[in-house]
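What's in protein-v6.txt: compact mmCIF, C-alpha atoms
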```txt
# COMPACT_ATOMS: atom_id res chain seq x y z
CA MET A 14 115.18 182.97 88.69
CA THR A 15 115.37 180.44 91.53
CA ASN A 16 112.35 181.79 93.40
CA THR A 17 110.01 181.54 90.43
CA ILE A 18 106.95 179.43 91.26
CA THR A 19 105.85 177.06 88.51
CA ILE A 20 103.15 174.43 88.14
CA LYS A 21 105.96 171.91 87.74
CA MET A 22 107.36 172.97 91.13
CA ILE A 23 103.95 172.46 92.78
CA GLN A 24 103.66 169.01 91.20
CA ASN A 25 107.15 168.09 92.42
CA PHE A 26 106.11 169.10 95.93
CA LEU A 27 103.06 166.83 95.68
CA LEU A 28 105.32 164.02 94.48
CA GLU A 29 107.45 164.20 97.63
CA GLY A 30 106.90 161.32 100.02
CA PHE A 31 106.27 158.74 97.27
CA THR A 32 109.31 156.53 97.83
CA ASN A 33 108.17 153.64 95.62
CA PRO A 34 105.31 155.02 93.53
CA VAL A 35 103.32 152.75 91.23
CA LEU A 36 104.05 154.10 87.75
CA VAL A 37 101.76 153.61 84.75
CA ASP A 38 102.00 154.35 81.04
CA ASP A 39 100.53 157.47 79.46
CA GLU A 40 97.34 155.79 78.25
CA THR A 41 96.57 154.38 81.69
CA SER A 42 97.28 157.71 83.37
CA ARG A 43 94.83 159.40 80.98
CA ARG A 44 92.10 156.91 81.86
CA MET A 45 92.80 157.44 85.55
CA TRP A 46 92.70 161.24 85.09
CA TRP A 47 89.38 161.23 83.22
CA SER A 48 87.78 158.84 85.70
CA SER A 49 89.04 160.90 88.63
CA LEU A 50 87.52 164.06 87.17
CA GLU A 51 84.15 162.34 86.84
CA ILE A 52 84.29 161.17 90.47
CA ILE A 53 85.20 164.63 91.77
CA GLN A 54 82.56 166.44 89.75
CA LYS A 55 79.88 163.92 90.67
CA GLN A 56 80.75 164.46 94.32
CA LEU A 57 80.52 168.25 93.85
CA LEU A 58 77.12 167.96 92.18
CA ASN A 59 75.83 165.76 95.00
CA LEU A 60 77.05 168.26 97.59
CA ASN A 61 75.86 171.85 97.84
CA TYR A 62 78.21 173.33 95.26
CA ARG A 63 75.97 176.43 95.20
CA GLU A 64 77.72 177.55 98.38
CA GLY A 65 80.53 178.60 96.09
CA GLY A 66 84.23 178.00 96.10
CA LEU A 67 87.18 178.20 93.75
CA TRP A 68 89.30 176.11 91.45
CA VAL A 69 92.73 176.42 89.82
CA ALA A 70 93.77 174.35 86.80
CA SER A 71 96.40 173.87 84.12
CA PRO A 72 96.79 173.60 81.15
CA LEU A 73 93.04 173.59 80.38
CA PRO A 74 89.88 173.61 82.53
CA ALA A 75 89.61 170.13 84.01
CA ILE A 76 86.06 170.89 85.14
CA ASN A 77 83.42 170.51 82.44
CA GLU A 78 80.15 170.61 84.38
CA LYS A 79 78.51 173.91 83.42
CA LYS A 80 76.80 174.31 86.80
CA ILE A 81 80.08 174.03 88.65
CA LEU A 82 81.91 176.33 86.24
CA ASN A 83 79.22 178.98 86.55
CA THR A 84 79.18 178.83 90.36
CA LEU A 85 82.84 178.51 91.34
CA LYS A 86 85.47 181.16 90.68
CA GLY A 87 88.42 179.83 88.70
CA TRP A 88 91.94 180.54 87.51
CA LEU A 89 93.43 178.78 84.50
CA TRP A 90 97.04 178.74 83.33
CA ALA A 91 96.72 177.93 79.64
CA PRO A 92 99.22 177.79 76.76
CA GLU A 93 99.03 180.11 73.79
CA GLY A 94 97.41 178.55 70.76
CA PHE A 95 98.36 175.51 68.77
CA PRO A 96 101.81 174.46 70.02
CA TYR A 97 100.13 172.73 72.98
CA PHE A 98 97.16 171.31 71.15
CA ASN A 99 99.37 169.60 68.60
CA SER A 100 101.47 167.93 71.28
CA GLU A 101 101.10 164.72 73.24
CA GLU A 102 99.71 166.60 76.24
CA ALA A 103 96.53 167.34 74.30
CA LYS A 104 95.43 163.83 75.18
CA TYR A 105 94.78 165.02 78.72
CA LEU A 106 92.01 167.32 77.55
CA PRO A 107 88.81 166.79 79.56
CA HIS A 108 85.73 165.11 78.10
CA TYR A 109 82.89 167.63 77.95
CA HIS A 110 79.30 166.37 78.63
CA VAL A 111 77.65 169.74 78.36
CA LYS A 112 78.28 173.19 77.01
CA SER A 113 81.08 174.97 78.83
CA SER A 114 80.51 178.15 80.75
CA CYS A 115 82.26 180.06 77.96
CA ASP A 116 79.41 179.28 75.56
CA THR A 117 78.20 182.62 74.23
CA THR A 118 74.71 181.17 74.05
CA TYR A 119 74.42 181.32 77.81
CA GLN A 120 76.73 184.13 78.89
CA ASN A 121 79.30 186.44 77.42
CA THR A 122 82.08 185.99 79.94
CA CYS A 123 83.73 183.05 81.61
CA ASN A 124 83.74 182.73 85.37
CA TYR A 125 87.48 182.13 85.37
CA LYS A 126 90.61 184.14 84.63
CA ILE A 127 92.97 182.87 81.94
CA LEU A 128 96.69 183.35 82.62
CA ASN A 129 99.67 182.55 80.41
CA LEU A 130 101.27 179.13 80.92
CA HIS A 131 105.06 179.22 80.53
CA ASN A 132 107.29 176.47 79.21
CA ASN A 133 108.84 175.85 82.62
CA ASP A 134 105.36 175.20 84.05
CA GLY A 135 105.13 171.99 82.07
CA PHE A 136 102.01 170.56 80.49
CA GLU A 137 100.98 167.85 82.95
CA PRO A 138 97.36 168.35 84.11
CA PHE A 139 96.74 170.00 87.46
CA LEU A 140 93.53 170.79 89.36
CA MET A 141 92.83 172.24 92.80
CA ILE A 142 89.27 172.62 94.10
CA ILE A 143 88.36 174.36 97.35
CA THR A 144 84.73 174.49 98.50
CA PRO A 145 83.18 174.51 101.98
CA GLN A 146 82.41 170.78 101.74
CA LEU A 147 85.06 169.37 99.41
CA GLN A 148 88.72 170.16 98.90
CA CYS A 149 91.21 168.24 96.81
CA ILE A 150 94.26 168.50 94.58
CA LEU A 151 94.57 166.25 91.54
CA THR A 152 97.52 166.02 89.17
CA ILE A 153 99.60 163.77 86.94
CA ALA A 154 103.36 163.72 87.48
CA GLY A 155 106.29 161.80 86.06
CA GLU A 156 108.09 161.11 82.80
CA LYS A 157 106.71 159.70 79.57
CA ASN A 158 105.09 156.30 80.21
CA LYS A 159 106.19 156.54 83.86
CA LYS A 160 103.29 158.54 85.28
CA ILE A 161 101.61 158.66 88.66
CA LEU A 162 98.18 160.06 89.52
CA ILE A 163 98.25 162.10 92.73
CA MET A 164 95.19 163.07 94.77
CA ARG A 165 95.75 164.93 98.04
CA SER A 166 93.13 166.34 100.37
CA ASP A 167 94.88 166.54 103.74
CA GLU A 168 94.96 169.88 105.51
CA ASP A 169 98.74 170.39 105.52
CA THR A 170 99.13 169.69 101.80
CA LEU A 171 96.16 171.89 100.94
CA LYS A 172 97.60 174.76 102.97
CA THR A 173 101.01 174.52 101.29
CA VAL A 174 99.64 174.23 97.75
CA ILE A 175 97.26 177.15 98.33
CA GLU A 176 100.24 179.25 99.40
CA LEU A 177 102.24 178.18 96.33
CA VAL A 178 99.35 178.92 94.00
CA ASP A 179 98.90 182.35 95.57
CA MET A 180 102.63 183.06 95.14
CA LYS A 181 102.42 182.09 91.47
CA LEU A 182 99.35 184.28 90.99
CA ASN A 183 101.16 187.15 92.68
CA GLN A 184 104.19 186.83 90.38
CA ASP A 185 102.04 186.54 87.24
CA ASN A 186 99.21 188.96 88.07
CA LYS A 187 99.17 190.70 91.46
CA GLU A 188 95.54 191.79 91.04
CA GLU A 189 94.41 188.19 90.57
CA SER A 190 96.33 187.17 93.69
CA GLU A 191 94.31 189.71 95.67
CA ILE A 192 91.07 188.37 94.20
CA PHE A 193 92.19 184.81 95.02
CA GLN A 194 92.88 185.77 98.65
CA LYS A 195 89.53 187.56 98.87
CA HIS A 196 87.63 184.46 97.73
CA LEU A 197 89.57 182.29 100.19
CA LYS A 198 88.60 184.59 103.05
CA GLU A 199 84.94 184.51 101.96
CA LEU A 200 84.97 180.71 102.23
CA GLY A 201 85.98 180.94 105.87
CA ASN A 202 86.91 177.78 107.73
CA VAL A 203 86.31 174.86 105.37
CA LYS A 204 85.53 171.36 106.61
CA ILE A 205 87.95 168.71 105.39
CA ASN A 206 85.91 165.98 103.70
CA ILE A 207 87.44 162.85 105.22
CA GLN A 208 84.78 160.60 103.67
CA PHE A 209 85.69 161.77 100.16
CA ALA A 210 89.38 161.10 100.81
CA ASN A 211 88.63 157.61 102.14
CA ASN A 212 86.32 156.71 99.25
CA PHE A 213 88.24 158.27 96.35
CA TRP A 214 90.67 155.45 95.55
CA PRO A 215 88.12 152.62 96.01
CA ASN A 216 85.68 154.54 93.77
CA LEU A 217 88.39 155.09 91.17
CA SER A 218 89.28 151.40 91.20
CA VAL A 219 85.67 150.39 90.65
CA LYS A 220 85.20 152.94 87.87
CA LEU A 221 88.34 151.84 86.04
CA ALA A 222 87.41 148.18 86.42
CA ASN A 223 83.96 148.84 84.95
CA SER A 224 85.40 150.76 82.01
CA ILE A 225 87.84 148.14 80.84
CA THR A 226 86.55 145.32 78.64
CA ASN A 227 87.86 141.96 79.77
CA SER A 228 89.02 140.62 76.42
CA HIS A 229 90.24 137.33 77.89
CA THR A 230 86.81 136.64 79.35
CA GLN A 231 85.14 137.54 76.07
CA GLN A 232 87.31 135.12 74.13
CA SER A 233 86.39 132.25 76.44
CA PHE A 234 82.73 132.45 75.42
CA THR A 235 81.51 131.35 72.02
CA THR A 236 78.05 132.92 72.28
CA PHE A 237 76.61 136.01 73.97
CA ASN A 238 73.08 136.67 75.03
CA ASN A 239 71.40 139.80 73.72
CA LYS A 240 71.88 141.78 76.94
CA ASN A 241 75.65 141.22 77.06
CA SER A 242 75.93 142.16 73.39
CA GLN A 243 74.06 145.43 74.01
CA ILE A 244 76.26 146.31 76.97
CA SER A 245 79.41 145.69 74.90
CA GLU A 246 78.15 147.96 72.10
CA ALA A 247 77.09 150.61 74.58
CA LYS A 248 80.49 150.69 76.25
CA LEU A 249 82.14 151.06 72.85
CA LEU A 250 79.88 154.03 72.10
CA GLU A 251 80.77 155.61 75.44
CA ALA A 252 84.44 155.47 74.47
CA ILE A 253 83.79 156.79 70.95
CA SER A 254 81.69 159.68 72.23
CA HIS A 255 84.58 160.67 74.50
CA GLU A 256 87.05 160.64 71.62
CA VAL A 257 84.76 162.64 69.29
CA ARG A 258 84.04 165.37 71.83
CA THR A 259 87.69 165.88 72.80
CA PRO A 260 88.94 167.52 69.54
CA LEU A 261 85.68 169.45 69.19
CA THR A 262 86.14 170.85 72.69
CA THR A 263 89.70 171.82 71.78
CA ILE A 264 88.43 173.71 68.73
CA ARG A 265 85.82 175.53 70.81
CA THR A 266 88.48 176.50 73.37
CA LEU A 267 90.68 177.90 70.60
CA VAL A 268 87.78 179.78 69.02
CA SER A 269 86.74 181.27 72.37
CA SER A 270 90.31 182.37 73.09
CA THR A 271 90.70 183.88 69.61
CA LEU A 272 87.44 185.84 69.88
CA LYS A 273 88.51 187.30 73.22
CA LYS A 274 92.15 188.10 72.49
CA TYR A 275 92.20 189.42 68.92
CA SER A 276 90.51 192.17 66.93
CA MET A 277 88.94 191.08 63.65
CA ASN A 278 86.35 192.15 61.14
CA ASP A 279 82.73 191.04 61.41
CA ALA A 280 83.02 188.46 58.63
CA ILE A 281 85.81 186.55 60.38
CA ARG A 282 84.11 186.89 63.78
CA ASN A 283 80.83 185.54 62.42
CA ARG A 284 82.63 182.62 60.79
CA LEU A 285 84.33 181.73 64.08
CA ILE A 286 81.01 181.95 65.90
CA GLN A 287 79.54 179.62 63.27
CA ILE A 288 82.37 177.13 63.88
CA ASP A 289 81.72 177.36 67.62
CA ASN A 290 78.00 176.70 67.09
CA GLU A 291 78.65 173.67 64.89
CA CYS A 292 81.08 172.22 67.43
CA THR A 293 78.58 172.83 70.23
CA GLU A 294 75.84 170.96 68.37
CA GLN A 295 78.05 167.93 67.79
CA ILE A 296 79.36 167.94 71.38
CA ASP A 297 75.77 167.94 72.63
CA ARG A 298 74.72 165.20 70.21
CA PHE A 299 77.51 162.88 71.30
CA GLY A 300 76.87 163.83 74.91
CA LEU A 301 73.35 162.54 74.44
CA ILE A 302 74.67 159.37 72.79
CA PHE A 303 76.91 158.90 75.83
CA ASN A 304 73.91 159.18 78.18
CA ALA A 305 71.96 156.71 76.07
CA ALA A 306 74.88 154.28 76.14
CA GLU A 307 74.97 154.59 79.94
CA ILE A 308 71.28 153.64 80.10
CA VAL A 309 71.81 150.54 77.95
CA SER A 310 74.95 149.43 79.80
CA GLY A 311 73.24 149.87 83.18
CA GLU A 312 75.48 152.72 84.42
CA SER A 313 72.79 155.41 84.38
CA SER A 314 71.74 157.57 87.31
CA SER A 315 69.36 155.99 89.80
CA PRO A 316 65.80 157.34 90.18
CA GLN A 317 66.50 158.81 93.64
CA GLN A 318 68.69 161.46 91.97
CA LEU A 319 65.61 163.10 90.46
CA THR A 320 64.79 166.47 92.02
CA SER A 321 62.48 169.42 91.38
CA VAL A 322 63.08 171.12 88.03
CA ASP A 323 61.49 174.31 86.72
CA LEU A 324 60.85 172.92 83.25
CA GLY A 325 59.05 176.04 82.02
CA HIS A 326 61.98 178.27 82.95
CA MET A 327 64.45 175.80 81.45
CA LEU A 328 62.62 175.76 78.12
CA LYS A 329 62.40 179.55 77.97
CA THR A 330 66.12 179.83 78.75
CA LEU A 331 67.18 177.30 76.12
CA SER A 332 64.71 178.29 73.38
CA PRO A 333 66.77 181.21 71.96
CA PHE A 334 69.60 178.79 71.20
CA TRP A 335 67.20 176.33 69.54
CA VAL A 336 65.55 179.10 67.52
CA SER A 337 68.95 180.21 66.24
CA GLN A 338 69.97 176.63 65.55
CA LEU A 339 66.84 175.89 63.51
CA GLU A 340 66.93 179.22 61.67
CA ARG A 341 70.27 178.20 60.17
CA ARG A 342 68.42 175.25 58.61
CA GLY A 343 65.48 177.36 57.46
CA ILE A 344 63.08 175.98 60.09
CA ALA A 345 60.89 178.23 62.22
CA MET A 346 60.08 177.57 65.89
CA ARG A 347 57.04 178.67 67.90
CA ILE A 348 56.93 178.35 71.68
CA ASN A 349 53.88 178.34 73.91
CA ILE A 350 54.75 178.14 77.61
CA PRO A 351 52.40 179.71 80.21
CA ASP A 352 53.87 181.50 83.22
CA ASN A 353 53.91 180.13 86.77
CA LEU A 354 53.85 176.44 85.86
CA PRO A 355 54.61 173.99 88.69
CA LYS A 356 57.97 172.25 88.87
CA VAL A 357 58.43 168.68 87.70
CA LEU A 358 60.46 165.75 89.01
CA SER A 359 63.53 165.18 86.84
CA ASN A 360 67.30 165.67 86.53
CA SER A 361 68.01 169.21 85.31
CA GLN A 362 71.51 168.53 83.99
CA LYS A 363 70.63 165.52 81.82
CA LEU A 364 67.18 166.83 80.94
CA GLU A 365 68.71 169.94 79.36
CA LEU A 366 70.80 167.78 77.04
CA MET A 367 67.86 165.47 76.36
CA LEU A 368 65.59 168.35 75.32
CA GLY A 369 68.16 169.56 72.80
CA GLY A 370 68.34 166.03 71.45
CA LEU A 371 64.56 165.87 71.06
CA ILE A 372 64.56 169.15 69.13
CA ASP A 373 67.26 167.84 66.81
CA LYS A 374 65.71 164.37 66.46
CA ASN A 375 62.27 165.71 65.50
CA THR A 376 63.52 168.20 62.92
CA ARG A 377 66.05 166.08 61.06
CA GLY A 378 64.98 165.47 57.47
CA ILE A 379 62.22 168.09 57.31
CA ARG A 380 62.41 170.74 54.60
CA GLU A 381 63.07 174.45 54.84
CA GLY A 382 59.94 176.44 55.59
CA SER A 383 58.63 173.90 58.10
CA THR A 384 57.77 174.89 61.66
CA LEU A 385 58.43 173.22 65.00
CA ILE A 386 55.91 174.03 67.74
CA LEU A 387 56.90 173.50 71.37
CA GLU A 388 54.14 173.61 73.99
CA LEU A 389 54.12 172.96 77.73
CA ASN A 390 50.80 172.78 79.54
CA PRO A 391 49.30 171.31 82.73
CA ALA A 392 47.66 167.89 82.40
CA GLY A 393 46.26 166.84 85.76
CA GLN A 394 49.12 165.93 88.07
CA GLN A 395 51.58 166.18 85.18
CA LEU A 396 53.00 168.69 82.72
CA LYS A 397 52.58 167.79 79.06
CA LEU A 398 55.44 168.71 76.74
CA GLU A 399 54.49 168.56 73.06
CA LEU A 400 56.73 168.80 70.01
CA ILE A 401 54.66 169.27 66.87
CA VAL A 402 56.17 169.50 63.40
CA GLN A 403 54.24 171.41 60.73
CA LYS A 404 55.74 170.52 57.36
CA LYS A 405 55.64 173.12 54.61
CA ASP A 406 54.51 170.70 51.94
CA GLN A 407 53.85 167.06 52.70
CA ARG A 408 54.40 166.14 49.05
CA ASN A 409 57.88 167.61 49.01
CA VAL A 410 59.10 166.03 52.21
CA GLU A 411 61.61 163.23 52.13
CA SER A 412 60.29 159.70 52.47
CA ASN A 413 59.03 158.75 55.91
CA PHE A 414 61.76 156.12 56.13
CA ASN A 415 62.93 156.29 59.74
CA GLY A 416 66.33 154.69 59.20
CA SER A 417 67.74 151.47 60.58
CA ASP A 418 68.83 150.69 64.12
CA LEU A 419 72.55 149.90 64.22
CA GLY A 420 72.19 148.44 67.69
CA PRO A 421 70.51 149.27 70.98
CA VAL A 422 71.68 152.90 70.95
CA LEU A 423 72.11 154.31 67.43
CA ASN A 424 69.84 154.73 64.42
CA TRP A 425 71.15 155.64 60.97
CA ASN A 426 69.05 157.28 58.24
CA PRO A 427 70.99 157.22 54.95
CA GLN A 428 68.45 159.51 53.25
CA THR A 429 69.12 162.39 55.62
CA GLY A 430 72.62 161.44 56.77
CA SER A 431 71.27 161.58 60.31
CA LEU A 432 72.81 159.61 63.18
CA GLN A 433 70.45 159.63 66.16
CA ILE A 434 69.72 157.56 69.23
CA THR A 435 67.13 154.85 68.69
CA GLN A 436 63.49 155.25 69.66
CA SER A 437 63.94 152.60 72.35
CA ALA A 438 66.95 154.40 73.83
CA THR A 439 65.08 157.71 73.65
CA TYR A 440 62.16 156.30 75.63
CA LYS A 441 64.50 154.74 78.20
CA LEU A 442 66.40 158.00 78.62
CA LEU A 443 63.22 159.99 79.12
CA ALA A 444 61.89 157.38 81.56
CA SER A 445 65.11 157.70 83.61
CA LEU A 446 64.45 161.46 83.72
CA GLY A 447 60.88 161.01 84.96
CA GLY A 448 59.20 161.35 81.55
CA HIS A 449 56.54 159.16 79.99
CA VAL A 450 56.48 159.25 76.18
CA THR A 451 53.45 159.11 73.92
CA LYS A 452 54.16 158.97 70.19
CA ARG A 453 51.95 161.33 68.19
CA ARG A 454 50.06 160.10 65.16
CA ASP A 455 51.57 162.94 63.14
CA THR A 456 55.22 163.98 63.22
CA GLY A 457 56.26 164.90 66.74
CA LEU A 458 56.34 163.69 70.31
CA THR A 459 54.46 164.11 73.59
CA VAL A 460 56.16 163.65 76.95
CA PHE A 461 54.46 163.75 80.38
CA PHE A 462 56.46 164.78 83.45
CA PRO A 463 55.09 164.28 86.98
CA ILE A 464 54.57 167.47 89.00
CA TYR A 465 57.05 167.61 91.88
CA GLU A 466 54.54 168.64 94.55
CA SER A 467 52.28 165.70 93.69
CA ILE A 468 54.93 163.06 94.29
```
Kindly return the structure encoded in the file as structure tokens.
Amino acid sequence: MTNTITIKMIQNFLLEGFTNPVLVDDETSRRMWWSSLEIIQKQLLNLNYREGGLWVASPLPAINEKKILNTLKGWLWAPEGFPYFNSEEAKYLPHYHVKSSCDTTYQNTCNYKILNLHNNDGFEPFLMIITPQLQCILTIAGEKNKKILIMRSDEDTLKTVIELVDMKLNQDNKEESEIFQKHLKELGNVKINIQFANNFWPNLSVKLANSITNSHTQQSFTTFNNKNSQISEAKLLEAISHEVRTPLTTIRTLVSSTLKKYSMNDAIRNRLIQIDNECTEQIDRFGLIFNAAEIVSGESSSPQQLTSVDLGHMLKTLSPFWVSQLERRGIAMRINIPDNLPKVLSNSQKLELMLGGLIDKNTRGIREGSTLILELNPAGQQLKLELIVQKKDQRNVESNFNGSDLGPVLNWNPQTGSLQITQSATYKLLASLGGHVTKRRDTGLTVFFPIYESI
């Protein structure tokens, strides 16, 4: 059928006009794709993404920021099951820093519609984002090891691609095409973000340059000072955390799709949910390791990015997940958070991940029957967050050996098999989020956050 619209056809249209494109190998194109996604999502977070918008992607959600996924309406053309995930194209899966919007812990439905990807669509990654303040199209095109990254944000290209996407939606699911058109009309006249277009390629160049270790420079030095050594280790951990989270994210995507599409008995459903929970915990843990590595390597967020955060509401929202998580290990959790607490100065996105890490860090190695108490109370011009561990029987608890630091970021405890971020990295992370740590004499932690209104 000659009039059939495919993702491949849209990508070929975007490729028009490149007479002598600079082609790169598959590995380089993947690095460029991942870095581009981080730039785009960072720009969306800095702008008022709460105004809404829409996105279209293939073959998997390129967006991984939960806030964006929950706010923007999306359409995803995705392949059916394992044939895709076992292929080379799986390497273009996005790196997830936080739980996706499909996480049943937070909500039961995704904010995007999943449509069937056909063989003639191809498997090269594609993303289109349209919001009132930012619009862009990002894709990879080309043959194996002859790839080109394309980013377009000009008005004419956007108009044509929107029309092509709508035609494909109409041929695959007429109802979704109508919903797509409705959301476009609700956006009204969008403002083309010329500054983003002008800064995208310079920002990508800087990001790629910072991510690549200059091996020739390293070999020319015989000694390294401690700071350079820490940065090298931290960058290695950033790369490892990416690679660990990628297959786990794939598993979670498959589990989510299976739970939605197929009928099954409760035993199988519960087992799949358990797999999803385990993957989520590990994705979060390595997400925290990634943030800690950023702090050590000097690539962390600057203090001016701190904003008002309703810490009390955040803790109440996240606590059901923590309670369920600890119950699986036989540990109880008690929460004491008064109503109407003032907001604090922090970074809500990274603080959410950090809090989960603190819960995990302070309960590793304690026996079943123990209790974790979480309290949040006013303390002058600050809010005091306390994590208190009540052990069931001090005599039956593992040795108080805290493990050994493997470097500036990671600590390994062979008695518990626990891999955690170091105490130093924990304190630095909390400090970057506005928190001041006080180590308790007993097992636990106290963190003070400045009240937003008092700043």
Among listed residues A:Met277, A:Leu57, A:Leu324, A:Leu331, nearest Asn353 in chain A (using all atoms listed in the file):
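Looking only at the distances to Asn353 in chain A, the closest residue turns out to be A:Leu324.
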Is there a way to get, as a list in words, all residues within 12 Å of the point (63.1, 181.3, 72.1) in file coordinates, counting only C-alpha atoms?
Thr118, Gly325, His326, Met327, Leu328, Lys329, Thr330, Leu331, Ser332, Pro333, Phe334, Trp335, Val336, Ser337, Gln338, Leu339, Glu340, Ala345, Met346, Arg347, Ile348, Asn349, Ile350, Leu385, Ile386, Leu387 and Glu388 of chain A
Would you mind exporting C-alpha atoms of the selected residues as a CSV table (one decimal), in the frame of the given file?
```csv
chain,number,residue,atom,x,y,z
A,118,THR,CA,74.7,181.2,74.0
A,325,GLY,CA,59.0,176.0,82.0
A,326,HIS,CA,62.0,178.3,83.0
A,327,MET,CA,64.4,175.8,81.4
A,328,LEU,CA,62.6,175.8,78.1
A,329,LYS,CA,62.4,179.6,78.0
A,330,THR,CA,66.1,179.8,78.8
A,331,LEU,CA,67.2,177.3,76.1
A,332,SER,CA,64.7,178.3,73.4
A,333,PRO,CA,66.8,181.2,72.0
A,334,PHE,CA,69.6,178.8,71.2
A,335,TRP,CA,67.2,176.3,69.5
A,336,VAL,CA,65.6,179.1,67.5
A,337,SER,CA,69.0,180.2,66.2
A,338,GLN,CA,70.0,176.6,65.6
A,339,LEU,CA,66.8,175.9,63.5
A,340,GLU,CA,66.9,179.2,61.7
A,345,ALA,CA,60.9,178.2,62.2
A,346,MET,CA,60.1,177.6,65.9
A,347,ARG,CA,57.0,178.7,67.9
A,348,ILE,CA,56.9,178.4,71.7
A,349,ASN,CA,53.9,178.3,73.9
A,350,ILE,CA,54.8,178.1,77.6
A,385,LEU,CA,58.4,173.2,65.0
A,386,ILE,CA,55.9,174.0,67.7
A,387,LEU,CA,56.9,173.5,71.4
A,388,GLU,CA,54.1,173.6,74.0
```
Between CA of Lys79 in chain A and CA of Tyr465 in chain A, what distance in Å does the model show, to one decimal?
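Separating CA of Lys79 in chain A from CA of Tyr465 in chain A is a distance of 23.9 Å.
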Using all atoms listed in the file: which of A:Leu443, A:Ile308, A:Ala438, A:Val460 has the shortest distance to Leu398 in chain A:
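Nearest to Leu398 in chain A: A:Val460.
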Just the residues within 10 Å of range 210-220 of chain A, please, counting only C-alpha atoms, with nothing from its chain fewer than 5 positions along; format it as a list in words.
Arg44, Met45, Trp46, Ser48, Ser49, Leu50, Glu51, Ile52, Ile53, Gln56, Leu147, Gln148, Cys149, Met164, Arg165, Ser166, Asp167, Ile205 and Ile225 of chain A
Keeping C-alpha atoms for every residue in the selection just given, could you write it to a file as a PDB file, in the frame of the given file?
```pdb
ATOM      1  CA  ARG A  44      92.100 156.910  81.860  1.00  0.00           C
ATOM      2  CA  MET A  45      92.800 157.440  85.550  1.00  0.00           C
ATOM      3  CA  TRP A  46      92.700 161.240  85.090  1.00  0.00           C
ATOM      4  CA  SER A  48      87.780 158.840  85.700  1.00  0.00           C
ATOM      5  CA  SER A  49      89.040 160.900  88.630  1.00  0.00           C
ATOM      6  CA  LEU A  50      87.520 164.060  87.170  1.00  0.00           C
ATOM      7  CA  GLU A  51      84.150 162.340  86.840  1.00  0.00           C
ATOM      8  CA  ILE A  52      84.290 161.170  90.470  1.00  0.00           C
ATOM      9  CA  ILE A  53      85.200 164.630  91.770  1.00  0.00           C
ATOM     10  CA  GLN A  56      80.750 164.460  94.320  1.00  0.00           C
ATOM     11  CA  LEU A 147      85.060 169.370  99.410  1.00  0.00           C
ATOM     12  CA  GLN A 148      88.720 170.160  98.900  1.00  0.00           C
ATOM     13  CA  CYS A 149      91.210 168.240  96.810  1.00  0.00           C
ATOM     14  CA  MET A 164      95.190 163.070  94.770  1.00  0.00           C
ATOM     15  CA  ARG A 165      95.750 164.930  98.040  1.00  0.00           C
ATOM     16  CA  SER A 166      93.130 166.340 100.370  1.00  0.00           C
ATOM     17  CA  ASP A 167      94.880 166.540 103.740  1.00  0.00           C
ATOM     18  CA  ILE A 205      87.950 168.710 105.390  1.00  0.00           C
ATOM     19  CA  ILE A 225      87.840 148.140  80.840  1.00  0.00           C
TER      20      ILE A 225
END
```
For Glu307 in chain A, the nearest of the candidates A:Asn390, A:Asn375, A:Ser269, A:Ser445, counting all atoms listed in the file
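Using all atoms listed in the file, the shortest distance to Glu307 in chain A belongs to A:Ser445.
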Determine, counting all atoms listed in the file, which protein, DNA and RNA residues have an atom within 12 Å of an atom of Thr271 in chain A; residues of the same chain fewer than 2 positions away are not included. Present the result as an NGL selection string.
:A and (93-95 or 264-269 or 273-277 or 281-282 or 285-286 or 289)
Please return, as a VMD selection string, all polymer residues that have at least one atom within 12 Å of the point (107.7, 174.3, 85.0); use all atoms listed in the file and the file's own coordinate frame.
chain A and resid 15 17 to 25 71 to 72 90 130 to 138 154 181
Between CA of Glu399 in chain A and CA of Leu458 in chain A - distance in Å to one decimal:
5.9 Å
Selection: 6 Å around range 60-68 of chain A, all atoms listed in the file, excl. self and same-chain fewer than 4 positions, as an MDAnalysis selection string
chainID A and resid 84:87 141:144
Incomplete range 338-344 of chain A brought to N, CA and C atoms, written out as a tab-separated table (two decimals), in the coordinates of the input:
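File produced: selection-v4.tsv:
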```
chain	number	residue	atom	x	y	z
A	338	GLN	N	69.49	177.88	66.16
A	338	GLN	CA	69.97	176.63	65.55
A	338	GLN	C	69.08	176.22	64.38
A	339	LEU	N	67.77	176.29	64.56
A	339	LEU	CA	66.84	175.89	63.51
A	339	LEU	C	66.78	176.91	62.39
A	340	GLU	N	66.94	178.18	62.71
A	340	GLU	CA	66.93	179.22	61.67
A	340	GLU	C	68.03	178.98	60.65
A	341	ARG	N	69.17	178.47	61.10
A	341	ARG	CA	70.27	178.20	60.17
A	341	ARG	C	69.90	177.10	59.18
A	342	ARG	N	68.89	176.30	59.52
A	342	ARG	CA	68.42	175.25	58.61
A	342	ARG	C	67.11	175.63	57.93
A	343	GLY	N	66.69	176.88	58.11
A	343	GLY	CA	65.48	177.36	57.46
A	343	GLY	C	64.20	176.86	58.09
A	344	ILE	N	64.25	176.50	59.38
A	344	ILE	CA	63.08	175.98	60.09
A	344	ILE	C	62.68	176.97	61.17
```
